[in-house]
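> Take a look at model_34.cif, mmCIF, N, CA and C atoms:
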data_query
#
loop_
_atom_site.label_atom_id
_atom_site.label_comp_id
_atom_site.auth_asym_id
_atom_site.auth_seq_id
_atom_site.Cartn_x
_atom_site.Cartn_y
_atom_site.Cartn_z
N MET A 182 -2.10 -34.01 -32.92
CA MET A 182 -3.24 -33.50 -32.20
C MET A 182 -2.92 -33.38 -30.72
N LYS A 183 -2.26 -34.43 -30.20
CA LYS A 183 -1.90 -34.43 -28.79
C LYS A 183 -0.97 -33.27 -28.45
N LYS A 184 0.01 -33.01 -29.30
CA LYS A 184 0.96 -31.91 -29.06
C LYS A 184 0.29 -30.55 -29.15
N LEU A 185 -0.65 -30.38 -30.06
CA LEU A 185 -1.37 -29.12 -30.20
C LEU A 185 -2.20 -28.84 -28.95
N PHE A 186 -2.88 -29.89 -28.45
CA PHE A 186 -3.70 -29.74 -27.24
C PHE A 186 -2.82 -29.37 -26.05
N LEU A 187 -1.69 -30.05 -25.89
CA LEU A 187 -0.78 -29.78 -24.78
C LEU A 187 -0.21 -28.37 -24.87
N ALA A 188 0.15 -27.92 -26.06
CA ALA A 188 0.70 -26.57 -26.24
C ALA A 188 -0.34 -25.50 -25.89
N SER A 189 -1.58 -25.69 -26.29
CA SER A 189 -2.61 -24.69 -25.96
C SER A 189 -2.92 -24.72 -24.47
N PHE A 190 -2.86 -25.89 -23.84
CA PHE A 190 -3.08 -26.02 -22.40
C PHE A 190 -2.02 -25.25 -21.62
N ILE A 191 -0.76 -25.38 -21.98
CA ILE A 191 0.34 -24.68 -21.32
C ILE A 191 0.25 -23.17 -21.57
N ALA A 192 -0.08 -22.77 -22.78
CA ALA A 192 -0.21 -21.34 -23.10
C ALA A 192 -1.30 -20.69 -22.26
N THR A 193 -2.41 -21.39 -22.05
CA THR A 193 -3.49 -20.87 -21.21
C THR A 193 -3.01 -20.69 -19.78
N GLY A 194 -2.24 -21.64 -19.28
CA GLY A 194 -1.69 -21.54 -17.92
C GLY A 194 -0.76 -20.35 -17.77
N LEU A 195 0.08 -20.10 -18.76
CA LEU A 195 0.98 -18.95 -18.70
C LEU A 195 0.22 -17.63 -18.76
N LEU A 196 -0.84 -17.57 -19.53
CA LEU A 196 -1.67 -16.37 -19.60
C LEU A 196 -2.31 -16.09 -18.24
N LEU A 197 -2.80 -17.12 -17.58
CA LEU A 197 -3.40 -16.94 -16.25
C LEU A 197 -2.37 -16.48 -15.23
N THR A 198 -1.12 -16.92 -15.34
CA THR A 198 -0.07 -16.48 -14.43
C THR A 198 0.14 -14.98 -14.55
N GLY A 199 0.14 -14.43 -15.74
CA GLY A 199 0.31 -12.99 -15.93
C GLY A 199 -0.81 -12.20 -15.28
N CYS A 200 -2.02 -12.71 -15.31
CA CYS A 200 -3.15 -12.04 -14.67
C CYS A 200 -3.02 -12.06 -13.16
N GLN A 201 -2.43 -13.12 -12.60
CA GLN A 201 -2.27 -13.22 -11.16
C GLN A 201 -1.36 -12.13 -10.62
N SER A 202 -0.32 -11.73 -11.36
CA SER A 202 0.62 -10.72 -10.88
C SER A 202 -0.07 -9.40 -10.58
N THR A 203 -0.95 -8.93 -11.44
CA THR A 203 -1.65 -7.68 -11.17
C THR A 203 -2.65 -7.84 -10.04
N TRP A 204 -3.23 -9.02 -9.90
CA TRP A 204 -4.15 -9.27 -8.79
C TRP A 204 -3.42 -9.15 -7.47
N HIS A 205 -2.20 -9.69 -7.38
CA HIS A 205 -1.43 -9.61 -6.13
C HIS A 205 -1.14 -8.18 -5.74
N LYS A 206 -0.76 -7.36 -6.67
CA LYS A 206 -0.43 -5.97 -6.35
C LYS A 206 -1.65 -5.26 -5.77
N ASP A 207 -2.83 -5.53 -6.30
CA ASP A 207 -4.06 -4.92 -5.78
C ASP A 207 -4.39 -5.43 -4.39
N GLN A 208 -4.00 -6.66 -4.07
CA GLN A 208 -4.37 -7.27 -2.80
C GLN A 208 -3.45 -6.88 -1.64
N VAL A 209 -2.27 -6.35 -1.89
CA VAL A 209 -1.31 -6.12 -0.82
C VAL A 209 -1.41 -4.74 -0.18
N GLN A 210 -2.18 -3.84 -0.71
CA GLN A 210 -2.31 -2.52 -0.12
C GLN A 210 -3.34 -2.52 0.98
N ASP A 211 -3.02 -1.85 2.10
CA ASP A 211 -3.92 -1.75 3.23
C ASP A 211 -4.24 -0.28 3.44
N ASN A 212 -5.43 0.12 3.08
CA ASN A 212 -5.84 1.51 3.23
C ASN A 212 -6.82 1.69 4.38
N THR A 213 -6.85 0.76 5.31
CA THR A 213 -7.82 0.82 6.40
C THR A 213 -7.29 1.58 7.62
N ILE A 214 -6.01 1.85 7.69
CA ILE A 214 -5.44 2.53 8.84
C ILE A 214 -5.73 4.02 8.75
N ASN A 215 -6.16 4.62 9.87
CA ASN A 215 -6.48 6.04 9.91
C ASN A 215 -5.20 6.84 10.08
N ASN A 216 -4.71 7.46 9.04
CA ASN A 216 -3.48 8.25 9.06
C ASN A 216 -3.80 9.72 8.90
N MET A 217 -2.88 10.56 9.39
CA MET A 217 -3.01 12.00 9.17
C MET A 217 -2.79 12.27 7.68
N THR A 218 -3.68 13.09 7.10
CA THR A 218 -3.59 13.41 5.68
C THR A 218 -3.62 14.91 5.47
N VAL A 219 -3.18 15.35 4.31
CA VAL A 219 -3.27 16.76 3.95
C VAL A 219 -4.73 17.20 3.96
N GLY A 220 -5.61 16.36 3.44
CA GLY A 220 -7.04 16.69 3.41
C GLY A 220 -7.60 16.90 4.81
N GLN A 221 -7.18 16.09 5.76
CA GLN A 221 -7.61 16.24 7.14
C GLN A 221 -7.13 17.57 7.70
N VAL A 222 -5.88 17.93 7.44
CA VAL A 222 -5.34 19.21 7.92
C VAL A 222 -6.12 20.36 7.29
N GLN A 223 -6.33 20.30 5.98
CA GLN A 223 -7.05 21.38 5.29
C GLN A 223 -8.48 21.52 5.79
N LYS A 224 -9.12 20.42 6.08
CA LYS A 224 -10.53 20.43 6.48
C LYS A 224 -10.72 20.80 7.94
N GLU A 225 -9.85 20.30 8.82
CA GLU A 225 -10.08 20.40 10.26
C GLU A 225 -9.37 21.56 10.95
N ILE A 226 -8.20 21.94 10.49
CA ILE A 226 -7.42 22.96 11.20
C ILE A 226 -7.82 24.35 10.71
N ARG A 227 -8.13 25.22 11.66
CA ARG A 227 -8.57 26.58 11.36
C ARG A 227 -7.86 27.58 12.26
N VAL A 228 -7.63 28.76 11.74
CA VAL A 228 -7.08 29.86 12.55
C VAL A 228 -8.07 30.13 13.68
N GLY A 229 -7.54 30.31 14.91
CA GLY A 229 -8.38 30.59 16.07
C GLY A 229 -8.67 29.36 16.93
N MET A 230 -8.30 28.17 16.46
CA MET A 230 -8.50 26.96 17.27
C MET A 230 -7.55 26.95 18.46
N SER A 231 -7.98 26.30 19.54
CA SER A 231 -7.10 26.14 20.70
C SER A 231 -6.19 24.93 20.49
N GLY A 232 -5.16 24.84 21.31
CA GLY A 232 -4.26 23.69 21.25
C GLY A 232 -4.99 22.39 21.56
N ALA A 233 -5.95 22.43 22.47
CA ALA A 233 -6.72 21.23 22.81
C ALA A 233 -7.54 20.74 21.61
N GLU A 234 -8.11 21.68 20.86
CA GLU A 234 -8.88 21.31 19.67
C GLU A 234 -7.98 20.70 18.59
N VAL A 235 -6.79 21.26 18.43
CA VAL A 235 -5.84 20.72 17.46
C VAL A 235 -5.42 19.32 17.87
N THR A 236 -5.18 19.12 19.16
CA THR A 236 -4.78 17.80 19.65
C THR A 236 -5.88 16.77 19.43
N GLU A 237 -7.14 17.16 19.57
CA GLU A 237 -8.25 16.24 19.30
C GLU A 237 -8.24 15.77 17.85
N VAL A 238 -7.88 16.67 16.94
CA VAL A 238 -7.91 16.34 15.51
C VAL A 238 -6.66 15.59 15.07
N LEU A 239 -5.48 16.08 15.46
CA LEU A 239 -4.22 15.54 14.95
C LEU A 239 -3.44 14.69 15.95
N GLY A 240 -3.83 14.71 17.19
CA GLY A 240 -3.05 14.01 18.21
C GLY A 240 -1.92 14.89 18.72
N SER A 241 -1.01 14.28 19.45
CA SER A 241 0.11 15.02 20.03
C SER A 241 1.16 15.33 18.96
N PRO A 242 1.76 16.53 19.05
CA PRO A 242 2.81 16.88 18.07
C PRO A 242 4.12 16.16 18.39
N ASN A 243 4.98 16.06 17.38
CA ASN A 243 6.31 15.48 17.58
C ASN A 243 7.23 16.45 18.29
N ILE A 244 7.11 17.73 17.95
CA ILE A 244 8.00 18.76 18.50
C ILE A 244 7.16 19.96 18.93
N VAL A 245 7.44 20.49 20.11
CA VAL A 245 6.85 21.75 20.57
C VAL A 245 8.01 22.69 20.86
N THR A 246 8.00 23.84 20.22
CA THR A 246 9.07 24.81 20.39
C THR A 246 8.46 26.20 20.43
N THR A 247 9.30 27.23 20.46
CA THR A 247 8.81 28.61 20.42
C THR A 247 9.53 29.38 19.31
N ASP A 248 8.87 30.43 18.83
CA ASP A 248 9.48 31.28 17.81
C ASP A 248 10.25 32.41 18.49
N GLU A 249 10.68 33.38 17.70
CA GLU A 249 11.49 34.49 18.23
C GLU A 249 10.73 35.37 19.21
N ASN A 250 9.39 35.33 19.19
CA ASN A 250 8.57 36.12 20.12
C ASN A 250 8.03 35.26 21.27
N ARG A 251 8.60 34.06 21.47
CA ARG A 251 8.22 33.14 22.53
C ARG A 251 6.80 32.60 22.40
N ARG A 252 6.28 32.55 21.16
CA ARG A 252 4.97 31.93 20.90
C ARG A 252 5.19 30.47 20.52
N GLU A 253 4.27 29.60 20.94
CA GLU A 253 4.43 28.17 20.66
C GLU A 253 4.31 27.85 19.18
N VAL A 254 5.10 26.87 18.77
CA VAL A 254 5.05 26.31 17.42
C VAL A 254 5.05 24.79 17.59
N TRP A 255 4.03 24.15 17.00
CA TRP A 255 3.93 22.69 17.04
C TRP A 255 4.30 22.13 15.68
N VAL A 256 5.07 21.06 15.70
CA VAL A 256 5.48 20.39 14.46
C VAL A 256 5.03 18.93 14.52
N TYR A 257 4.28 18.54 13.51
CA TYR A 257 3.90 17.14 13.31
C TYR A 257 4.72 16.63 12.14
N ASP A 258 5.48 15.58 12.37
CA ASP A 258 6.32 15.03 11.31
C ASP A 258 6.02 13.54 11.21
N ARG A 259 5.37 13.14 10.15
CA ARG A 259 4.96 11.76 9.96
C ARG A 259 5.71 11.16 8.77
N ILE A 260 6.27 9.98 9.00
CA ILE A 260 6.97 9.24 7.94
C ILE A 260 6.43 7.82 7.96
N ALA A 261 6.04 7.32 6.81
CA ALA A 261 5.54 5.95 6.72
C ALA A 261 6.25 5.22 5.59
N THR A 262 6.63 3.99 5.87
CA THR A 262 7.20 3.11 4.85
C THR A 262 6.26 1.95 4.66
N ASP A 263 5.83 1.75 3.45
CA ASP A 263 4.96 0.64 3.12
C ASP A 263 5.78 -0.38 2.33
N ARG A 264 5.89 -1.58 2.89
CA ARG A 264 6.61 -2.65 2.21
C ARG A 264 5.70 -3.86 2.24
N VAL A 265 5.32 -4.32 1.07
CA VAL A 265 4.39 -5.45 0.99
C VAL A 265 4.89 -6.47 -0.02
N TYR A 266 4.55 -7.73 0.25
CA TYR A 266 4.91 -8.80 -0.64
C TYR A 266 3.78 -9.82 -0.66
N SER A 267 3.49 -10.31 -1.82
CA SER A 267 2.47 -11.34 -1.97
C SER A 267 2.92 -12.31 -3.05
N ASN A 268 2.65 -13.59 -2.82
CA ASN A 268 2.95 -14.55 -3.88
C ASN A 268 1.97 -15.71 -3.80
N SER A 269 1.90 -16.44 -4.85
CA SER A 269 1.08 -17.65 -4.87
C SER A 269 1.68 -18.61 -5.88
N SER A 270 1.34 -19.84 -5.68
CA SER A 270 1.77 -20.84 -6.67
C SER A 270 0.67 -21.88 -6.78
N GLY A 271 0.65 -22.51 -7.87
CA GLY A 271 -0.37 -23.52 -8.11
C GLY A 271 0.07 -24.37 -9.28
N GLY A 272 -0.70 -25.34 -9.54
CA GLY A 272 -0.35 -26.22 -10.64
C GLY A 272 -1.60 -26.75 -11.30
N VAL A 273 -1.42 -27.18 -12.50
CA VAL A 273 -2.50 -27.78 -13.27
C VAL A 273 -1.97 -29.11 -13.78
N ALA A 274 -2.73 -30.13 -13.55
CA ALA A 274 -2.33 -31.45 -14.04
C ALA A 274 -3.46 -32.02 -14.88
N ALA A 275 -3.11 -32.76 -15.86
CA ALA A 275 -4.11 -33.37 -16.73
C ALA A 275 -3.74 -34.83 -16.97
N LEU A 276 -4.73 -35.64 -17.12
CA LEU A 276 -4.54 -37.05 -17.39
C LEU A 276 -5.11 -37.34 -18.77
N PHE A 277 -4.29 -37.84 -19.66
CA PHE A 277 -4.73 -38.15 -21.01
C PHE A 277 -4.89 -39.66 -21.13
N LEU A 278 -6.05 -40.09 -21.48
CA LEU A 278 -6.32 -41.51 -21.61
C LEU A 278 -6.15 -41.95 -23.06
N GLY A 279 -5.50 -43.07 -23.24
CA GLY A 279 -5.39 -43.67 -24.56
C GLY A 279 -4.26 -43.11 -25.41
N PHE A 280 -3.54 -42.10 -24.94
CA PHE A 280 -2.46 -41.54 -25.74
C PHE A 280 -1.09 -41.90 -25.18
N GLY A 281 -1.07 -42.54 -24.03
CA GLY A 281 0.18 -42.75 -23.33
C GLY A 281 0.96 -43.94 -23.81
N SER A 282 2.12 -44.08 -23.21
CA SER A 282 2.99 -45.18 -23.59
C SER A 282 3.21 -46.15 -22.45
N ASN A 283 2.56 -45.94 -21.31
CA ASN A 283 2.76 -46.88 -20.21
C ASN A 283 1.78 -48.04 -20.33
N ALA A 284 1.87 -48.99 -19.43
CA ALA A 284 1.08 -50.22 -19.53
C ALA A 284 -0.41 -49.98 -19.43
N ALA A 285 -0.83 -48.98 -18.69
CA ALA A 285 -2.26 -48.72 -18.52
C ALA A 285 -2.84 -47.90 -19.67
N GLY A 286 -2.02 -47.40 -20.56
CA GLY A 286 -2.50 -46.59 -21.68
C GLY A 286 -2.81 -45.16 -21.27
N THR A 287 -2.16 -44.65 -20.22
CA THR A 287 -2.40 -43.27 -19.76
C THR A 287 -1.08 -42.52 -19.72
N SER A 288 -1.17 -41.23 -19.80
CA SER A 288 0.00 -40.38 -19.60
C SER A 288 -0.44 -39.14 -18.88
N GLY A 289 0.44 -38.52 -18.15
CA GLY A 289 0.10 -37.32 -17.40
C GLY A 289 0.89 -36.14 -17.90
N ALA A 290 0.31 -34.95 -17.76
CA ALA A 290 1.00 -33.71 -18.11
C ALA A 290 0.69 -32.71 -17.02
N GLY A 291 1.62 -31.86 -16.70
CA GLY A 291 1.38 -30.88 -15.65
C GLY A 291 2.13 -29.59 -15.91
N GLN A 292 1.66 -28.54 -15.26
CA GLN A 292 2.30 -27.23 -15.38
C GLN A 292 2.24 -26.59 -14.00
N SER A 293 3.38 -26.22 -13.46
CA SER A 293 3.44 -25.54 -12.17
C SER A 293 3.56 -24.04 -12.43
N LEU A 294 2.73 -23.26 -11.76
CA LEU A 294 2.69 -21.82 -11.98
C LEU A 294 2.94 -21.09 -10.67
N SER A 295 3.63 -19.97 -10.72
CA SER A 295 3.78 -19.12 -9.54
C SER A 295 3.90 -17.68 -9.98
N SER A 296 3.44 -16.79 -9.11
CA SER A 296 3.55 -15.36 -9.40
C SER A 296 3.61 -14.61 -8.09
N GLY A 297 4.05 -13.38 -8.14
CA GLY A 297 4.14 -12.58 -6.93
C GLY A 297 4.39 -11.12 -7.25
N ALA A 298 4.30 -10.30 -6.21
CA ALA A 298 4.54 -8.86 -6.37
C ALA A 298 5.15 -8.32 -5.09
N THR A 299 6.07 -7.38 -5.21
CA THR A 299 6.68 -6.69 -4.08
C THR A 299 6.60 -5.20 -4.34
N SER A 300 6.28 -4.44 -3.29
CA SER A 300 6.17 -2.99 -3.45
C SER A 300 6.69 -2.31 -2.19
N THR A 301 7.53 -1.27 -2.36
CA THR A 301 8.03 -0.47 -1.24
C THR A 301 7.88 1.00 -1.60
N SER A 302 7.31 1.77 -0.69
CA SER A 302 7.20 3.22 -0.91
C SER A 302 7.26 3.93 0.43
N GLN A 303 7.59 5.22 0.39
CA GLN A 303 7.63 6.03 1.60
C GLN A 303 6.81 7.29 1.40
N ARG A 304 6.17 7.71 2.49
CA ARG A 304 5.39 8.94 2.48
C ARG A 304 5.82 9.80 3.66
N THR A 305 5.85 11.10 3.46
CA THR A 305 6.13 12.02 4.56
C THR A 305 5.07 13.11 4.57
N LEU A 306 4.74 13.58 5.77
CA LEU A 306 3.84 14.71 5.94
C LEU A 306 4.36 15.52 7.12
N THR A 307 4.65 16.77 6.88
CA THR A 307 5.09 17.69 7.93
C THR A 307 4.06 18.80 8.04
N VAL A 308 3.57 19.02 9.26
CA VAL A 308 2.59 20.07 9.54
C VAL A 308 3.18 20.98 10.61
N ILE A 309 3.18 22.29 10.36
CA ILE A 309 3.69 23.27 11.32
C ILE A 309 2.53 24.18 11.70
N ILE A 310 2.24 24.24 13.00
CA ILE A 310 1.15 25.07 13.50
C ILE A 310 1.73 26.12 14.44
N LYS A 311 1.45 27.39 14.13
CA LYS A 311 1.96 28.52 14.92
C LYS A 311 0.82 29.11 15.74
N TYR A 312 1.09 29.33 17.03
CA TYR A 312 0.09 29.86 17.94
C TYR A 312 0.38 31.31 18.28
N ASP A 313 -0.68 32.06 18.64
CA ASP A 313 -0.50 33.45 19.08
C ASP A 313 -0.29 33.48 20.59
N GLU A 314 -0.21 34.68 21.15
CA GLU A 314 0.04 34.85 22.58
C GLU A 314 -1.08 34.26 23.44
N ALA A 315 -2.29 34.18 22.92
CA ALA A 315 -3.44 33.65 23.66
C ALA A 315 -3.55 32.12 23.52
N GLY A 316 -2.63 31.49 22.80
CA GLY A 316 -2.66 30.04 22.63
C GLY A 316 -3.61 29.56 21.55
N LYS A 317 -3.97 30.45 20.62
CA LYS A 317 -4.86 30.09 19.50
C LYS A 317 -4.03 29.99 18.21
N VAL A 318 -4.48 29.14 17.30
CA VAL A 318 -3.78 28.98 16.02
C VAL A 318 -3.80 30.30 15.28
N ARG A 319 -2.60 30.79 14.90
CA ARG A 319 -2.53 32.02 14.11
C ARG A 319 -2.15 31.73 12.67
N ASP A 320 -1.50 30.57 12.43
CA ASP A 320 -1.08 30.20 11.08
C ASP A 320 -0.70 28.72 11.08
N PHE A 321 -0.80 28.08 9.91
CA PHE A 321 -0.34 26.70 9.77
C PHE A 321 0.10 26.46 8.34
N ALA A 322 1.00 25.49 8.20
CA ALA A 322 1.52 25.13 6.88
C ALA A 322 1.78 23.63 6.88
N TYR A 323 1.88 23.05 5.68
CA TYR A 323 2.12 21.61 5.57
C TYR A 323 2.87 21.31 4.30
N HIS A 324 3.54 20.16 4.30
CA HIS A 324 4.25 19.68 3.12
C HIS A 324 4.15 18.16 3.09
N GLN A 325 3.82 17.63 1.91
CA GLN A 325 3.68 16.18 1.74
C GLN A 325 4.55 15.72 0.59
N SER A 326 5.15 14.53 0.74
CA SER A 326 5.89 13.94 -0.36
C SER A 326 5.69 12.42 -0.34
N LYS A 327 5.89 11.81 -1.50
CA LYS A 327 5.78 10.36 -1.63
C LYS A 327 6.84 9.91 -2.62
N PHE A 328 7.57 8.89 -2.23
CA PHE A 328 8.62 8.36 -3.11
C PHE A 328 8.82 6.89 -2.85
#
Write out the structure in this file as structure tokens.

Amino acid sequence: MKKLFLASFIATGLLLTGCQSTWHKDQVQDNTINNMTVGQVQKEIRVGMSGAEVTEVLGSPNIVTTDENRREVWVYDRIATDRVYSNSSGGVAALFLGFGSNAAGTSGAGQSLSSGATSTSQRTLTVIIKYDEAGKVRDFAYHQSKF
């Protein structure tokens, strides 16, 4: 009876450890930072906008250059690396009375548990905005990748 109880106690602890691993992965992501997104570009950038309006929405570009007709071209190139790690450990101890072999008639049993998760990913977003001779947006394009 004692061995059956101890075996089920340890099995329950191992089951709980497996559940902790998925909990950690959910806890390590931080989506609170305001980043430039494809949705933001699609929603906010319009043909005919001025450079000042674009800067209000997207901030300063990484590169400012000109095309073959000397019209400005702005390039936004964003790269993000997300590397997160989370772990925890704990233990469960039990005191069995009357089943032990020591002088007090007690014995102890314990189980130490630990779990963790690590995740690394990279995201890129490149936005190219082309201006006309009057300094208004004439065209824009974007490309996003995640790996």
> Which is closer to Thr246 of chain A than all the others in A:Gln223, A:Ala298, A:Tyr312, A:Val318, using only C-alpha atoms?
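That would be A:Tyr312, the residue with the smallest distance to Thr246 of chain A.
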> Would you write out, as a list in words, every residue that the PyMOL selection byres ((chain A and resi 256) around 5) captures in this file?
Pro242, Asn243, Ile244, Val254, Trp255, Tyr257, Asp258, Val308 and Ile309 of chain A
> Could you list, as a ChimeraX atom specification, every residue within 5 Å of Phe328 of chain A, counting all atoms listed in the file and ignoring same-chain residues fewer than 2 positions away?
/A:302-303,326
> Given the choices A:Thr305, A:Ile226, A:Phe321, A:Lys311, which gets closest to Glu249 of chain A if the distance is worked out from only C-alpha atoms?
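Among the listed residues, A:Lys311 lies closest to Glu249 of chain A.
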> Step by step: start from the point (4.4, 14.0, 2.6) in the file's coordinates, keep every protein, DNA or RNA residue that has an atom no farther than 5 Å from it, count all atoms listed in the file, and write the set as an NGL selection string.
:A and (304-306 or 324-327)
> What does the distance from atom C of Lys224 of chain A to atom N of Arg264 of chain A come to in Å, to one decimal?
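A separation of 28.3 Å between them.
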> How far is it from atom CA of Gly271 of chain A to atom C of Ser295 of chain A, in Å with one decimal?
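Between atom CA of Gly271 of chain A and atom C of Ser295 of chain A the gap works out to 7.5 Å.
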> Rounded to one decimal, what separation in Å do you get between atom N of Tyr323 of chain A and atom C of Thr307 of chain A?
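The value is 5.3 Å.
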> Residues picked by the PyMOL selection byres (((chain A and resi 252 and name CA) around 7) and name CA) here, as a list in words?
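For this structure, the PyMOL selection byres (((chain A and resi 252 and name CA) around 7) and name CA) captures Thr247, Asp248, Asn250, Arg251, Glu253, Val254, Tyr312, Asp313 and Glu314 of chain A.
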> Produce a file of the selected residues containing N, CA and C atoms, as a tab-separated table (two decimals), in the coordinates of the input.

chain	number	residue	atom	x	y	z
A	247	THR	N	9.30	27.23	20.46
A	247	THR	CA	8.81	28.61	20.42
A	247	THR	C	9.53	29.38	19.31
A	248	ASP	N	8.87	30.43	18.83
A	248	ASP	CA	9.48	31.28	17.81
A	248	ASP	C	10.25	32.41	18.49
A	250	ASN	N	9.39	35.33	19.19
A	250	ASN	CA	8.57	36.12	20.12
A	250	ASN	C	8.03	35.26	21.27
A	251	ARG	N	8.60	34.06	21.47
A	251	ARG	CA	8.22	33.14	22.53
A	251	ARG	C	6.80	32.60	22.40
A	253	GLU	N	4.27	29.60	20.94
A	253	GLU	CA	4.43	28.17	20.66
A	253	GLU	C	4.31	27.85	19.18
A	254	VAL	N	5.10	26.87	18.77
A	254	VAL	CA	5.05	26.31	17.42
A	254	VAL	C	5.05	24.79	17.59
A	312	TYR	N	1.09	29.33	17.03
A	312	TYR	CA	0.09	29.86	17.94
A	312	TYR	C	0.38	31.31	18.28
A	313	ASP	N	-0.68	32.06	18.64
A	313	ASP	CA	-0.50	33.45	19.08
A	313	ASP	C	-0.29	33.48	20.59
A	314	GLU	N	-0.21	34.68	21.15
A	314	GLU	CA	0.04	34.85	22.58
A	314	GLU	C	-1.08	34.26	23.44
> Please provide the set of residues having any atom within 8 Å of Met217 of chain A, restricted to only N, CA and C atoms, with same-chain residues fewer than 4 positions apart removed, written as a list of chain:residue names.
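Skipping anything fewer than 4 positions along the chain leaves A:Gln221, A:Val222, A:Val238, A:Leu239, A:Arg259, A:Leu306.
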> May I have the selected residues written with N, CA and C atoms, as a PDB file, keeping the file's coordinate frame?

ATOM      1  N   GLN A 221      -7.180  16.090   5.760  1.00  0.00           N
ATOM      2  CA  GLN A 221      -7.610  16.240   7.140  1.00  0.00           C
ATOM      3  C   GLN A 221      -7.130  17.570   7.700  1.00  0.00           C
ATOM      4  N   VAL A 222      -5.880  17.930   7.440  1.00  0.00           N
ATOM      5  CA  VAL A 222      -5.340  19.210   7.920  1.00  0.00           C
ATOM      6  C   VAL A 222      -6.120  20.360   7.290  1.00  0.00           C
ATOM      7  N   VAL A 238      -7.880  16.670  16.940  1.00  0.00           N
ATOM      8  CA  VAL A 238      -7.910  16.340  15.510  1.00  0.00           C
ATOM      9  C   VAL A 238      -6.660  15.590  15.070  1.00  0.00           C
ATOM     10  N   LEU A 239      -5.480  16.080  15.460  1.00  0.00           N
ATOM     11  CA  LEU A 239      -4.220  15.540  14.950  1.00  0.00           C
ATOM     12  C   LEU A 239      -3.440  14.690  15.950  1.00  0.00           C
ATOM     13  N   ARG A 259       5.370  13.140  10.150  1.00  0.00           N
ATOM     14  CA  ARG A 259       4.960  11.760   9.960  1.00  0.00           C
ATOM     15  C   ARG A 259       5.710  11.160   8.770  1.00  0.00           C
ATOM     16  N   LEU A 306       4.740  13.580   5.770  1.00  0.00           N
ATOM     17  CA  LEU A 306       3.840  14.710   5.940  1.00  0.00           C
ATOM     18  C   LEU A 306       4.360  15.520   7.120  1.00  0.00           C
TER      19      LEU A 306
END
